[in-house]
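As stored in my_file-v8.tsv (TSV, C-alpha atoms and all ligand atoms):
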```tsv
chain	number	residue	atom	x	y	z
A	1368	MET	CA	-81.73	-59.57	3.83
A	1369	THR	CA	-81.03	-62.79	5.70
A	1370	ARG	CA	-77.77	-63.33	7.50
A	1371	ALA	CA	-77.06	-66.37	5.27
A	1372	LEU	CA	-77.50	-64.29	2.14
A	1373	ILE	CA	-75.28	-61.53	3.51
A	1374	HIS	CA	-72.58	-64.10	4.22
A	1375	ALA	CA	-72.80	-65.65	0.76
A	1376	MET	CA	-72.53	-62.23	-0.86
A	1377	LEU	CA	-69.76	-61.23	1.49
A	1378	LEU	CA	-67.72	-64.29	0.66
A	1379	ALA	CA	-68.04	-63.64	-3.06
A	1380	SER	CA	-67.00	-60.05	-2.54
A	1381	LEU	CA	-64.03	-60.93	-0.33
A	1382	ILE	CA	-62.78	-63.48	-2.85
A	1383	ALA	CA	-63.27	-61.08	-5.74
A	1384	ALA	CA	-61.53	-58.31	-3.80
A	1385	GLN	CA	-58.43	-60.44	-3.42
A	1386	GLN	CA	-58.09	-61.75	-6.97
A	1387	PRO	CA	-55.21	-60.25	-8.93
A	1388	GLN	CA	-56.35	-57.03	-10.57
A	1389	GLN	CA	-56.24	-56.70	-14.33
A	1390	GLN	CA	-55.67	-52.95	-14.31
A	1391	PRO	CA	-52.59	-51.43	-12.65
A	1392	PRO	CA	-53.58	-50.48	-9.10
A	1393	PRO	CA	-54.04	-46.81	-8.23
A	1394	ARG	CA	-50.84	-45.27	-6.94
A	1395	GLN	CA	-52.05	-44.63	-3.45
A	1396	THR	CA	-52.97	-47.29	-0.98
A	1397	THR	CA	-55.38	-46.37	1.78
A	1398	ILE	CA	-55.33	-48.69	4.77
A	1399	LEU	CA	-58.08	-48.86	7.37
A	1400	ALA	CA	-57.05	-50.91	10.42
A	1401	VAL	CA	-59.94	-51.83	12.70
A	1402	GLY	CA	-59.16	-53.18	16.16
A	1403	ALA	CA	-61.36	-54.15	19.08
A	1404	HIS	CA	-59.25	-52.20	21.57
A	1405	ALA	CA	-56.89	-49.24	21.23
A	1406	GLY	CA	-53.46	-50.82	20.84
A	1407	ASP	CA	-54.52	-54.04	19.08
A	1408	MET	CA	-53.84	-52.87	15.54
A	1409	GLU	CA	-50.72	-50.89	16.42
A	1410	ILE	CA	-49.00	-53.80	18.19
A	1411	THR	CA	-49.88	-56.39	15.50
A	1412	ALA	CA	-49.76	-54.39	12.27
A	1413	GLY	CA	-48.17	-51.06	13.24
A	1414	ALA	CA	-44.88	-51.62	11.45
A	1415	VAL	CA	-46.73	-52.24	8.18
A	1416	LEU	CA	-48.88	-49.17	8.80
A	1417	ALA	CA	-45.77	-47.06	9.49
A	1418	LYS	CA	-44.07	-48.39	6.36
A	1419	HIS	CA	-47.03	-47.41	4.19
A	1420	ALA	CA	-47.44	-44.02	5.87
A	1421	ALA	CA	-43.74	-43.31	5.32
A	1422	ARG	CA	-44.13	-43.78	1.56
A	1423	GLY	CA	-47.11	-41.43	1.46
A	1424	ASP	CA	-50.02	-43.83	1.75
A	1425	LYS	CA	-53.03	-42.92	3.87
A	1426	VAL	CA	-53.44	-44.85	7.10
A	1427	VAL	CA	-56.51	-44.65	9.35
A	1428	LEU	CA	-56.98	-46.48	12.64
A	1429	LEU	CA	-60.40	-47.33	14.02
A	1430	HIS	CA	-60.58	-48.61	17.60
A	1431	LEU	CA	-64.05	-50.00	18.32
A	1432	SER	CA	-63.39	-49.62	22.05
A	1433	LEU	CA	-60.64	-48.00	24.08
A	1434	GLY	CA	-59.86	-51.23	25.95
A	1435	GLU	CA	-60.23	-49.30	29.16
A	1436	LYS	CA	-60.69	-52.15	31.61
A	1437	GLY	CA	-58.03	-54.14	33.39
A	1438	ASN	CA	-55.69	-51.49	34.73
A	1439	PRO	CA	-55.19	-52.45	38.39
A	1440	ARG	CA	-54.50	-48.87	39.48
A	1441	LEU	CA	-57.08	-46.89	37.50
A	1442	SER	CA	-60.84	-46.85	37.11
A	1443	ALA	CA	-62.19	-47.64	33.65
A	1444	ARG	CA	-62.98	-43.95	33.19
A	1445	GLU	CA	-59.46	-42.86	34.13
A	1446	TYR	CA	-57.77	-45.57	32.10
A	1447	GLY	CA	-60.06	-44.87	29.13
A	1448	ALA	CA	-58.90	-41.24	29.11
A	1449	GLN	CA	-55.30	-42.43	29.28
A	1450	LYS	CA	-55.84	-44.99	26.49
A	1451	LYS	CA	-57.28	-42.28	24.27
A	1452	ARG	CA	-54.24	-40.06	24.82
A	1453	GLU	CA	-51.98	-43.04	24.14
A	1454	ALA	CA	-53.94	-43.95	20.98
A	1455	GLU	CA	-53.59	-40.40	19.65
A	1456	ALA	CA	-49.84	-40.38	20.32
A	1457	ALA	CA	-49.33	-43.85	18.81
A	1458	GLY	CA	-51.35	-42.96	15.70
A	1459	LYS	CA	-49.33	-39.78	15.22
A	1460	GLU	CA	-46.04	-41.65	15.59
A	1461	LEU	CA	-47.11	-44.26	13.01
A	1462	GLY	CA	-48.08	-41.51	10.58
A	1463	ALA	CA	-51.82	-42.19	10.65
A	1464	SER	CA	-53.87	-39.35	9.21
A	1465	GLU	CA	-56.79	-40.11	11.52
A	1466	VAL	CA	-57.60	-42.14	14.60
A	1467	LEU	CA	-61.30	-43.03	14.89
A	1468	TYR	CA	-63.16	-44.54	17.83
A	1469	GLY	CA	-66.23	-46.70	18.22
A	1470	PRO	CA	-68.70	-45.85	20.99
A	1471	TRP	CA	-68.46	-49.19	22.82
A	1472	ALA	CA	-67.09	-50.21	26.18
A	1473	ASP	CA	-64.28	-52.70	26.60
A	1474	GLY	CA	-65.90	-56.15	26.60
A	1475	GLY	CA	-69.14	-54.77	25.18
A	1476	ILE	CA	-68.69	-54.64	21.41
A	1477	PRO	CA	-72.09	-55.84	20.17
A	1478	ASP	CA	-72.39	-58.51	17.49
A	1479	ASP	CA	-75.24	-56.65	15.85
A	1480	GLU	CA	-76.36	-54.54	12.92
A	1481	SER	CA	-75.53	-51.21	14.61
A	1482	ALA	CA	-71.87	-52.16	14.84
A	1483	ARG	CA	-71.84	-53.25	11.19
A	1484	GLN	CA	-73.48	-49.97	10.14
A	1485	PHE	CA	-70.95	-47.98	12.17
A	1486	VAL	CA	-67.97	-49.69	10.53
A	1487	ALA	CA	-69.59	-49.60	7.06
A	1488	GLN	CA	-70.04	-45.83	7.45
A	1489	ALA	CA	-66.36	-45.51	8.38
A	1490	ILE	CA	-65.42	-47.58	5.30
A	1491	GLN	CA	-67.56	-45.36	3.04
A	1492	ARG	CA	-65.92	-42.26	4.49
A	1493	VAL	CA	-62.29	-43.45	4.53
A	1494	ARG	CA	-62.65	-45.46	1.26
A	1495	PRO	CA	-59.80	-47.90	1.98
A	1496	THR	CA	-58.09	-50.10	-0.58
A	1497	THR	CA	-56.88	-52.38	2.22
A	1498	VAL	CA	-58.64	-53.36	5.42
A	1499	ILE	CA	-56.83	-54.96	8.36
A	1500	THR	CA	-58.60	-56.45	11.37
A	1501	HIS	CA	-58.57	-59.38	13.79
A	1502	TRP	CA	-58.45	-63.06	12.88
A	1503	ARG	CA	-61.77	-64.89	13.38
A	1504	GLU	CA	-60.83	-67.12	16.33
A	1505	SER	CA	-59.83	-65.52	19.57
A	1506	MET	CA	-59.76	-65.97	23.32
A	1507	HIS	CA	-61.27	-62.48	23.43
A	1508	LYS	CA	-64.93	-62.09	22.47
A	1509	ASP	CA	-64.39	-58.48	21.38
A	1510	HIS	CA	-61.75	-59.62	18.90
A	1511	SER	CA	-63.80	-62.35	17.22
A	1512	ARG	CA	-66.82	-60.05	17.09
A	1513	THR	CA	-64.72	-57.31	15.51
A	1514	HIS	CA	-63.65	-59.82	12.84
A	1515	SER	CA	-67.28	-60.65	11.97
A	1516	ILE	CA	-68.38	-57.01	12.13
A	1517	VAL	CA	-65.61	-55.86	9.78
A	1518	ARG	CA	-66.15	-58.70	7.30
A	1519	ASP	CA	-69.84	-57.87	7.03
A	1520	ALA	CA	-69.18	-54.12	6.98
A	1521	VAL	CA	-66.90	-54.43	3.94
A	1522	LEU	CA	-69.86	-55.91	2.07
A	1523	LEU	CA	-72.43	-53.49	3.47
A	1524	ALA	CA	-70.25	-50.55	2.47
A	1525	ALA	CA	-70.17	-51.88	-1.10
A	1526	LEU	CA	-73.92	-52.29	-1.44
A	1527	GLU	CA	-76.10	-49.68	-3.09
A	1528	ASP	CA	-78.39	-49.51	-0.07
A	1529	GLY	CA	-75.98	-50.87	2.52
A	1530	VAL	CA	-75.74	-47.61	4.45
A	1531	ALA	CA	-78.63	-45.16	4.39
A	1532	GLY	CA	-77.58	-42.05	2.48
A	1533	GLY	CA	-74.06	-43.37	1.91
A	1534	THR	CA	-71.99	-43.65	-1.25
A	1535	PRO	CA	-71.07	-47.30	-1.92
A	1536	HIS	CA	-67.37	-48.13	-1.71
A	1537	ARG	CA	-66.23	-51.11	-3.77
A	1538	GLY	CA	-62.53	-50.33	-3.78
A	1539	VAL	CA	-61.37	-52.73	-1.06
A	1540	ARG	CA	-58.70	-54.84	-2.77
A	1541	GLY	CA	-57.85	-57.01	0.21
A	1542	VAL	CA	-58.90	-57.81	3.77
A	1543	TYR	CA	-56.06	-59.03	5.99
A	1544	TYR	CA	-56.16	-60.53	9.47
A	1545	ALA	CA	-53.39	-59.58	11.89
A	1546	ASP	CA	-51.16	-61.89	13.92
A	1547	ASN	CA	-52.26	-61.47	17.56
A	1548	TRP	CA	-51.27	-63.72	20.47
A	1549	GLU	CA	-54.90	-63.61	21.64
A	1550	ASP	CA	-56.24	-64.66	18.21
A	1551	ARG	CA	-54.10	-67.76	17.78
A	1552	PRO	CA	-56.37	-70.80	17.01
A	1553	ASN	CA	-55.97	-71.85	13.36
A	1554	PHE	CA	-54.24	-68.61	12.37
A	1555	GLN	CA	-51.84	-69.14	9.48
A	1556	ALA	CA	-49.19	-66.72	8.34
A	1557	TYR	CA	-50.24	-66.38	4.71
A	1558	VAL	CA	-48.75	-62.99	3.79
A	1559	ALA	CA	-45.48	-61.77	5.28
A	1560	VAL	CA	-44.46	-58.11	4.97
A	1561	GLU	CA	-40.84	-57.05	5.54
A	1562	VAL	CA	-40.85	-54.40	8.25
A	1563	SER	CA	-37.20	-53.91	9.24
A	1564	SER	CA	-37.28	-50.35	7.84
A	1565	SER	CA	-40.18	-49.37	10.09
A	1566	ILE	CA	-39.65	-51.45	13.22
A	1567	GLU	CA	-38.05	-48.54	15.12
A	1568	ARG	CA	-41.02	-46.31	14.29
A	1569	TRP	CA	-43.31	-49.14	15.41
A	1570	ARG	CA	-41.46	-49.45	18.73
A	1571	ALA	CA	-41.69	-45.71	19.31
A	1572	ALA	CA	-45.42	-45.80	18.56
A	1573	VAL	CA	-46.48	-48.84	20.57
A	1574	THR	CA	-44.54	-47.81	23.67
A	1575	LYS	CA	-46.86	-44.79	23.94
A	1576	TYR	CA	-49.15	-47.37	25.54
A	1577	GLU	CA	-48.51	-48.21	29.19
A	1578	PHE	CA	-49.83	-51.76	28.73
A	1579	ILE	CA	-47.20	-52.38	26.06
A	1580	ARG	CA	-44.36	-50.83	28.09
A	1581	GLY	CA	-45.35	-53.14	30.97
A	1582	GLY	CA	-47.09	-52.56	34.27
A	1583	VAL	CA	-50.74	-53.12	33.38
A	1584	SER	CA	-50.76	-56.81	32.47
A	1585	ARG	CA	-48.25	-59.58	33.11
A	1586	PHE	CA	-48.03	-60.35	29.40
A	1587	PRO	CA	-44.72	-59.02	27.97
A	1588	TYR	CA	-46.26	-57.31	24.93
A	1589	LEU	CA	-43.21	-55.49	23.64
A	1590	GLU	CA	-40.80	-58.41	24.02
A	1591	TYR	CA	-43.31	-60.84	22.53
A	1592	TYR	CA	-44.02	-58.80	19.41
A	1593	GLU	CA	-40.37	-57.83	18.89
A	1594	ALA	CA	-39.46	-61.53	18.99
A	1595	LEU	CA	-42.46	-62.42	16.84
A	1596	ALA	CA	-41.31	-60.03	14.09
A	1597	LYS	CA	-37.97	-61.87	14.01
A	1598	VAL	CA	-39.58	-65.33	14.11
A	1599	ARG	CA	-42.09	-64.49	11.39
A	1600	GLY	CA	-39.31	-62.87	9.37
A	1601	ALA	CA	-37.07	-65.92	9.67
A	1602	GLU	CA	-39.91	-68.24	8.66
A	1603	ALA	CA	-40.53	-66.14	5.55
A	1604	GLY	CA	-36.89	-65.57	4.60
A	1605	LEU	CA	-37.09	-61.93	5.67
A	1606	LYS	CA	-35.28	-59.97	8.38
A	1607	GLN	CA	-38.32	-58.89	10.37
A	1608	ALA	CA	-41.91	-59.36	9.30
A	1609	GLU	CA	-45.50	-58.80	10.25
A	1610	VAL	CA	-47.75	-61.51	8.89
A	1611	PHE	CA	-51.41	-61.75	8.00
A	1612	ASP	CA	-53.97	-64.41	7.23
A	1613	VAL	CA	-56.75	-64.05	4.65
A	1614	GLU	CA	-60.02	-65.83	3.96
A	1615	PRO	CA	-59.40	-69.52	3.11
A	1616	GLU	CA	-61.13	-69.00	-0.24
A	1617	ALA	CA	-58.77	-66.12	-1.05
A	1618	LYS	CA	-55.79	-68.50	-0.92
A	1619	ARG	CA	-56.77	-69.95	-4.28
A	1620	ARG	CA	-54.22	-69.00	-6.92
A	1621	THR	CA	-54.52	-69.44	-10.63
A	1622	ILE	CA	-51.54	-69.89	-12.94
A	1623	ASP	CA	-51.19	-70.66	-16.61
A	1624	MET	CA	-48.48	-73.29	-16.02
A	1625	PHE	CA	-46.12	-74.26	-13.24
A	1626	PRO	CA	-43.24	-71.82	-13.11
B	1701	ZN	ZN	-57.68	-56.43	22.22
```
In structure tokens, write the structure found in this file.
Amino acid sequence: MTRALIHAMLLASLIAAQQPQQQPPPRQTTILAVGAHAGDMEITAGAVLAKHAARGDKVVLLHLSLGEKGNPRLSAREYGAQKKREAEAAGKELGASEVLYGPWADGGIPDDESARQFVAQAIQRVRPTTVITHWRESMHKDHSRTHSIVRDAVLLAALEDGVAGGTPHRGVRGVYYADNWEDRPNFQAYVAVEVSSSIERWRAAVTKYEFIRGGVSRFPYLEYYEALAKVRGAEAGLKQAEVFDVEPEAKRRTIDMFP
């Protein structure tokens, strides 16, 4: 199948997945959050994940890499081991039922078929109703690649022969892109989710990571995302919010008449 054909089919599937459903949705929501580096999904979407986990929904995190480079005091091997311990602790605190890992090195997530197959297999196993990942434009190559990989993997996972020996999964109702300071160009806050009931749980989870507590990078992760939740909340008329973008085509709404 050509890449152009895959993209055309993917677009149709993403739009269809986000149209209002005729039947009442199943009671349980299963969320698969796929980040390029351990910590990406927790810091940007963790309060939403914790809110869903607290009401009994299934939450699974998939980190395509550990994000093990860039600690000035530790080798990549040492920091990778630390990041894995931190990811486990953060996932547990958020209420995730599983934390999965890709096999790739920080900075080395490949924009290829093997990565799409890997994520499609995870989708067929976890069978999410909601997928969260990075926005398409980013200063970080791993992030924008993860966006493309996940978009294509949602389609692959739905195809009869998308994954060898796999059972197709067509139950993804929505794909949402998280609000990340590194993925800023052209990001628009399309969906805002009130998170004031889970922000404390989020803080407890994300501070399992040294880079979020401070001391690895100069960027003030915790302060930035705490303030961002208030800013995004205020913009949406909520107390504190995490926001998400969706595919431009998924923003089309149909109504019978103006309300
Ligand atoms: Zn990252």
Set the cut-off to 10 Å, count all atoms listed in the file, and list whatever residues fall near ligand ZN 1701 (chain B) as a compact mmCIF listing (two decimals) with C-alpha atoms, keeping the file's coordinate frame.
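Result written to out_0.txt:
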```txt
# COMPACT_ATOMS: atom_id res chain seq x y z
CA GLY A 1402 -59.16 -53.18 16.16
CA ALA A 1403 -61.36 -54.15 19.08
CA HIS A 1404 -59.25 -52.20 21.57
CA ALA A 1405 -56.89 -49.24 21.23
CA GLY A 1406 -53.46 -50.82 20.84
CA ASP A 1407 -54.52 -54.04 19.08
CA MET A 1408 -53.84 -52.87 15.54
CA ILE A 1410 -49.00 -53.80 18.19
CA HIS A 1430 -60.58 -48.61 17.60
CA LEU A 1431 -64.05 -50.00 18.32
CA SER A 1432 -63.39 -49.62 22.05
CA LEU A 1433 -60.64 -48.00 24.08
CA GLY A 1434 -59.86 -51.23 25.95
CA ASP A 1473 -64.28 -52.70 26.60
CA GLY A 1474 -65.90 -56.15 26.60
CA HIS A 1501 -58.57 -59.38 13.79
CA SER A 1505 -59.83 -65.52 19.57
CA MET A 1506 -59.76 -65.97 23.32
CA HIS A 1507 -61.27 -62.48 23.43
CA LYS A 1508 -64.93 -62.09 22.47
CA ASP A 1509 -64.39 -58.48 21.38
CA HIS A 1510 -61.75 -59.62 18.90
CA SER A 1511 -63.80 -62.35 17.22
CA THR A 1513 -64.72 -57.31 15.51
CA ASN A 1547 -52.26 -61.47 17.56
CA TRP A 1548 -51.27 -63.72 20.47
CA GLU A 1549 -54.90 -63.61 21.64
CA ASP A 1550 -56.24 -64.66 18.21
```
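Taking all atoms listed in the file, the non-local environment of Trp1569 of chain A within 7 Å (same-chain residues fewer than 5 positions away omitted) comprises A:Gly1413, A:Ala1414, A:Ala1417, A:Leu1461.
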Just the residues within 12 Å of segment 1585-1599 of chain A, please, counting only C-alpha atoms, with nothing from its chain fewer than 3 positions along; format it as a PyMOL selection string. chain A and resi 1406-1407+1409-1415+1437-1439+1546-1549+1555-1563+1565-1567+1569-1582+1602-1611
Give me, please, the distance in Å between atom CA of Ala1601 of chain A and atom CA of Lys1618 of chain A, quoted to one decimal. 21.7 Å
Could you give me, as a PyMOL selection string, the residues within 12 Å of Gln1395 of chain A, counting all atoms listed in the file and dropping anything in the same chain fewer than 2 positions from it? chain A and resi 1391-1393+1397-1398+1419-1420+1422-1426+1494-1497+1538
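When atom CA of His1536 of chain A is paired with atom CA of Ala1524 of chain A, their separation reads 5.6 Å.
Residues lying within 8 Å of Glu1455 of chain A, counting only C-alpha atoms and ignoring same-chain neighbours fewer than 4 positions away, are Lys1451, Lys1459 and Val1466 of chain A.
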For atom CA of Leu1429 of chain A and atom CA of Val1401 of chain A, the interatomic separation in Å (one decimal): 4.7 Å
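Using all atoms listed in the file, the shortest contact distance between Arg1512 of chain A and any of A:Ile1476, A:Gln1484, A:Val1539, A:Ile1490 is found at A:Ile1476.
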Which one of A:Val1583, A:Ala1400, A:Ala1448, A:Ala1489 sits closest to His1514 of chain A if you count only C-alpha atoms? A:Ala1400
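If you measure from each of A:Gly1469, A:Asn1553, A:Glu1527, A:Leu1428 to Ser1481 of chain A using only C-alpha atoms, the closest one turns out to be A:Gly1469.
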